[in-house]
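Here's the structure, in structure tokens; my notes come after.
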Amino acid sequence: RHEDPVNGKLYSDMNALLLKYIIEEVSGFSFEEYLHKNVFAVLGMKETFSTVPKNRVQDCLNYNYEHQIDKDSYIIQKDAVPGTAHDPKARLLMMGGMGLQGHAGLFSSSQDMVRFAQGLLRGDLLDRKWLLEIGKNRTGKLVPGQYRQFLGFLCFAKSPVQYLSELPQWMGPAAFGIAGYTGNHIAIDPEIGAFDILLGNRCHMRVSKIEPMLLAKEKYSLSREGAGWIKWPDGRQVKSSFQYVHQKDELIHNPVYHELKKRSWI
């Protein structure tokens, strides 16, 4: 569990990790079999895998060679090769024969992610009453001098502080989304029937993490969003994706909104 006292973020992926085993116990299927039967086959998602076929590994984004700074330690990740889960726990468990994990390990395409979002909005997977429950805030609070991250059902809910929100400002209170550590993002608003998807890469040959956070921008002369270049001990200049998530409004959410408005789709 990681808690950020400045931004009020409480992070843990253990709930999602354990949910896999609950699903397997109740359904009698492996987690991957359950997803194929109840999600992928229903929506025609034929490009979503946990074990990537050999002829498709070349299509996987490379998240390897992620650079991190932990106080005075300079670290380079070298075992997140294409076709393996980036998350260390998921990678270890999957390589140990434990199968697809509940918190990480799926590989997909932009077309299949669109099929997933459209299927949710059509009601192919869930009744609408449950779809509208997903993004309801169940953790967040905003009082003077105190902030707690707004979360729904294993997803982000709409936050009143846009800089700390994972969802577009133009989406409504029922919207929900998830921003993956590697740079992927999806946001869905079931009330207006819209979604946006970003399949990005903030890890490959990037400085993605700097601890302690409070000194990062001052020490390395980074922008408010954490962008810039950092000189590595071997002399290389490495681009920073530190706090990459705070560029989402300018780079994806707002352009998508203007395009949807231009086409009179919202």
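By order of appearance in the structure tokens: chains A, B, ..., then residues from 1 within every chain, and ligands from 1 in the order shown.
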Please provide the set of residues having any atom within 12 Å of Lys9 in chain A, restricted to only C-alpha atoms, with same-chain residues fewer than 6 positions apart removed, written as a list in words.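 Final neighbour list, sorted by chain and number: Arg1, His2, Glu3, Thr139, Gly140, Lys141, Gln146, Tyr147, Arg148, Gln149, Phe150, Leu151, Phe156, Leu164, Ser165 and Glu166 of chain A.
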Just want the 9 Å neighbourhood of Tyr65 in chain A, counted on only C-alpha atoms, with same-chain residues fewer than 4 positions away dropped. Output as a list in words.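 Here the answer would be Ile76, Gln77, Lys78, Asp79, Ala80, Val81, Cys203, His204, Met205 and Arg206 of chain A.
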Nearest to Lys46 in chain A by atom-to-atom distance, counting only C-alpha atoms, from A:Ile23, A:Leu17, A:His103, A:Met113: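 That would be A:Met113, the residue with the smallest distance to Lys46 in chain A.
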Could you give me, as CSV, every range 19-133 of chain A residue with an atom at most 10 Å from range 177-197 of chain A, plus its closest atom pair and distance in Å to one decimal, counting only C-alpha atoms, rows ordered by chain then number?
residue,atom,partner,partner_atom,distance
A:Tyr63,CA,A:Thr182,CA,7.2
A:Glu66,CA,A:Thr182,CA,9.7
A:His86,CA,A:Thr182,CA,7.7
A:Asp87,CA,A:Tyr181,CA,8.6
A:Ala104,CA,A:Gly180,CA,9.3
A:Ser110,CA,A:Ile197,CA,8.1
A:Met113,CA,A:Ile197,CA,7.8
A:Val114,CA,A:Ile197,CA,7.9
A:Ala117,CA,A:Phe195,CA,7.0
A:Gln118,CA,A:Phe195,CA,8.4
A:Leu120,CA,A:Pro190,CA,8.3
A:Leu121,CA,A:Pro190,CA,5.9
A:Arg122,CA,A:Gly193,CA,8.7
A:Gly123,CA,A:Pro190,CA,9.8
A:Arg128,CA,A:Pro190,CA,8.3
A:Leu131,CA,A:Pro190,CA,7.0
A:Leu132,CA,A:Pro190,CA,6.7
Selection above as a file: all heavy atoms, as a tab-separated table (two decimals), in the first residue's frame:
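Saved result, part19.tsv, follows:
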chain	number	residue	atom	x	y	z
A	63	TYR	N	8.06	-1.81	-22.88
A	63	TYR	CA	8.05	-1.04	-21.63
A	63	TYR	C	9.33	-1.27	-20.84
A	63	TYR	O	9.41	-0.90	-19.66
A	63	TYR	CB	6.83	-1.42	-20.78
A	63	TYR	CG	5.51	-1.02	-21.37
A	63	TYR	CD1	4.56	-1.97	-21.74
A	63	TYR	CD2	5.21	0.32	-21.58
A	63	TYR	CE1	3.35	-1.60	-22.28
A	63	TYR	CE2	4.00	0.70	-22.12
A	63	TYR	CZ	3.07	-0.26	-22.47
A	63	TYR	OH	1.86	0.12	-23.00
A	66	GLU	N	12.99	0.98	-18.17
A	66	GLU	CA	12.39	2.09	-17.40
A	66	GLU	C	13.43	2.59	-16.40
A	66	GLU	O	14.07	1.81	-15.70
A	66	GLU	CB	11.15	1.58	-16.68
A	66	GLU	CG	10.51	2.60	-15.77
A	66	GLU	CD	9.35	2.00	-14.97
A	66	GLU	OE1	9.10	0.78	-15.12
A	66	GLU	OE2	8.74	2.74	-14.20
A	86	HIS	N	4.24	-5.87	-17.20
A	86	HIS	CA	5.15	-4.87	-16.65
A	86	HIS	C	5.15	-4.90	-15.13
A	86	HIS	O	6.18	-4.72	-14.48
A	86	HIS	CB	4.77	-3.48	-17.15
A	86	HIS	CG	5.60	-2.38	-16.56
A	86	HIS	ND1	5.28	-1.78	-15.35
A	86	HIS	CD2	6.75	-1.81	-16.97
A	86	HIS	CE1	6.19	-0.86	-15.07
A	86	HIS	NE2	7.09	-0.86	-16.03
A	87	ASP	N	3.98	-5.11	-14.54
A	87	ASP	CA	3.86	-5.11	-13.08
A	87	ASP	C	4.71	-6.25	-12.50
A	87	ASP	O	4.55	-7.41	-12.88
A	87	ASP	CB	2.40	-5.30	-12.68
A	87	ASP	CG	2.21	-5.29	-11.18
A	87	ASP	OD1	2.01	-4.22	-10.61
A	87	ASP	OD2	2.28	-6.39	-10.57
A	104	ALA	N	-3.10	-7.13	-13.37
A	104	ALA	CA	-2.22	-6.79	-14.51
A	104	ALA	C	-1.93	-8.05	-15.30
A	104	ALA	O	-2.02	-9.17	-14.78
A	104	ALA	CB	-0.91	-6.17	-14.01
A	110	SER	N	-5.94	-1.39	-29.83
A	110	SER	CA	-6.87	-0.25	-29.78
A	110	SER	C	-8.26	-0.67	-30.24
A	110	SER	O	-9.27	-0.25	-29.68
A	110	SER	CB	-6.33	0.90	-30.65
A	110	SER	OG	-6.14	0.47	-31.99
A	113	MET	N	-10.01	-2.51	-27.44
A	113	MET	CA	-10.39	-1.61	-26.36
A	113	MET	C	-11.62	-0.79	-26.73
A	113	MET	O	-12.46	-0.50	-25.88
A	113	MET	CB	-9.21	-0.71	-26.00
A	113	MET	CG	-8.05	-1.43	-25.34
A	113	MET	SD	-8.54	-2.49	-23.95
A	113	MET	CE	-9.29	-1.31	-22.84
A	114	VAL	N	-11.73	-0.44	-28.00
A	114	VAL	CA	-12.94	0.24	-28.47
A	114	VAL	C	-14.14	-0.71	-28.36
A	114	VAL	O	-15.23	-0.30	-27.93
A	114	VAL	CB	-12.77	0.73	-29.92
A	114	VAL	CG1	-14.10	1.16	-30.53
A	114	VAL	CG2	-11.78	1.89	-29.96
A	117	ALA	N	-15.19	-0.78	-24.68
A	117	ALA	CA	-15.91	0.42	-24.25
A	117	ALA	C	-17.31	0.47	-24.85
A	117	ALA	O	-18.29	0.77	-24.15
A	117	ALA	CB	-15.11	1.66	-24.63
A	118	GLN	N	-17.42	0.17	-26.13
A	118	GLN	CA	-18.73	0.20	-26.79
A	118	GLN	C	-19.65	-0.87	-26.21
A	118	GLN	O	-20.86	-0.64	-26.04
A	118	GLN	CB	-18.56	0.01	-28.29
A	118	GLN	CG	-17.92	1.20	-28.99
A	118	GLN	CD	-17.69	0.96	-30.47
A	118	GLN	OE1	-17.55	-0.19	-30.91
A	118	GLN	NE2	-17.62	2.03	-31.25
A	120	LEU	N	-19.61	-2.10	-23.13
A	120	LEU	CA	-20.09	-1.63	-21.84
A	120	LEU	C	-21.24	-0.63	-22.00
A	120	LEU	O	-22.26	-0.72	-21.33
A	120	LEU	CB	-18.95	-0.98	-21.06
A	120	LEU	CG	-18.07	-1.87	-20.19
A	120	LEU	CD1	-16.95	-1.05	-19.57
A	120	LEU	CD2	-18.88	-2.57	-19.11
A	121	LEU	N	-21.05	0.32	-22.92
A	121	LEU	CA	-22.06	1.35	-23.11
A	121	LEU	C	-23.36	0.79	-23.67
A	121	LEU	O	-24.45	1.29	-23.36
A	121	LEU	CB	-21.52	2.45	-24.04
A	121	LEU	CG	-20.41	3.32	-23.45
A	121	LEU	CD1	-19.84	4.25	-24.51
A	121	LEU	CD2	-20.92	4.11	-22.25
A	122	ARG	N	-23.27	-0.27	-24.48
A	122	ARG	CA	-24.47	-0.90	-25.04
A	122	ARG	C	-25.21	-1.75	-24.02
A	122	ARG	O	-26.37	-2.12	-24.23
A	122	ARG	CB	-24.10	-1.79	-26.24
A	122	ARG	CG	-23.81	-1.07	-27.52
A	122	ARG	CD	-23.82	-2.06	-28.69
A	122	ARG	NE	-22.91	-3.18	-28.45
A	122	ARG	CZ	-21.65	-3.23	-28.88
A	122	ARG	NH1	-21.16	-2.23	-29.59
A	122	ARG	NH2	-20.90	-4.28	-28.63
A	123	GLY	N	-24.54	-2.11	-22.95
A	123	GLY	CA	-25.14	-3.00	-21.96
A	123	GLY	C	-24.92	-4.46	-22.26
A	123	GLY	O	-25.63	-5.32	-21.72
A	128	ARG	N	-27.65	-1.64	-17.12
A	128	ARG	CA	-27.34	-0.22	-17.03
A	128	ARG	C	-27.31	0.28	-15.58
A	128	ARG	O	-26.50	1.14	-15.23
A	128	ARG	CB	-28.34	0.60	-17.84
A	128	ARG	CG	-28.02	2.09	-17.85
A	128	ARG	CD	-28.76	2.84	-18.91
A	128	ARG	NE	-28.45	4.27	-18.84
A	128	ARG	CZ	-27.35	4.81	-19.33
A	128	ARG	NH1	-26.44	4.05	-19.89
A	128	ARG	NH2	-27.15	6.11	-19.24
A	131	LEU	N	-23.92	-0.33	-14.43
A	131	LEU	CA	-22.97	0.53	-15.14
A	131	LEU	C	-22.93	1.92	-14.50
A	131	LEU	O	-21.86	2.52	-14.38
A	131	LEU	CB	-23.39	0.63	-16.61
A	131	LEU	CG	-22.38	1.27	-17.57
A	131	LEU	CD1	-21.12	0.44	-17.67
A	131	LEU	CD2	-23.00	1.44	-18.96
A	132	LEU	N	-24.07	2.40	-14.08
A	132	LEU	CA	-24.14	3.72	-13.46
A	132	LEU	C	-23.61	3.72	-12.02
A	132	LEU	O	-23.39	4.79	-11.44
A	132	LEU	CB	-25.59	4.22	-13.47
A	132	LEU	CG	-26.16	4.51	-14.86
A	132	LEU	CD1	-27.65	4.78	-14.77
A	132	LEU	CD2	-25.44	5.69	-15.51
Based on DSSP run over this structure's backbone, return all residues of range 24-222 of chain A in strand (DSSP E), as a PyMOL selection string. chain A and resi 67-70+73-76+141-143+146-148+176-179+184-189+194-199+206-211
Kindly give the distance, in Å, that separates CA of Ser108 in chain A and CA of Tyr244 in chain A, rounded to a single decimal.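 Those two atoms sit 21.5 Å apart.
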Skip Thr84 in chain A itself and residues of its chain fewer than 2 positions away, then list as JSON, numbers by chain all residues within 12 Å of it, counting only C-alpha atoms. {"A": [49, 50, 51, 52, 53, 54, 57, 60, 61, 62, 63, 64, 78, 79, 80, 81, 82, 86, 87, 88, 89, 90, 91, 92, 93, 94, 95, 100, 104, 105, 106, 107]}
DSSP-assigned helix (DSSP H, G or I) among range 13-91 of chain A, expressed as number ranges by chain: A: 14-27, 31-43, 54-59, 88-91
Name the residues in contact with range 32-36 of chain A at a cut-off of 9 Å, using only C-alpha atoms, excluding same-chain residues fewer than 3 positions from it; report them as JSON, numbers by chain. {"A": [23, 24, 27, 28, 29, 39, 40, 41, 42, 45, 49, 50, 99, 100, 101]}
Gap from CA of Asp234 in chain A to CA of Leu214 in chain A - Å, one decimal: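 The value is 24.7 Å.
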Taking only C-alpha atoms into account, which of A:Ile69, A:Pro144, A:Leu154, A:Glu259 comes nearest Leu19 in chain A?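 Ranked by minimum distance to Leu19 in chain A, first place goes to A:Leu154.
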Name all residues at most 10 Å from Gly44 in chain A (count only C-alpha atoms; drop same-chain ones fewer than 6 positions away) and give them as JSON, numbers by chain. {"A": [36, 112, 115, 116, 119]}
Measuring between only C-alpha atoms, which one of A:Tyr163, A:Lys262, A:Ile230, A:Cys155 shows the shortest distance to Asn137 in chain A?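 Using only C-alpha atoms, the shortest distance to Asn137 in chain A belongs to A:Cys155.
Between CA of Ile134 in chain A and CA of Lys20 in chain A there is a distance of 18.2 Å.
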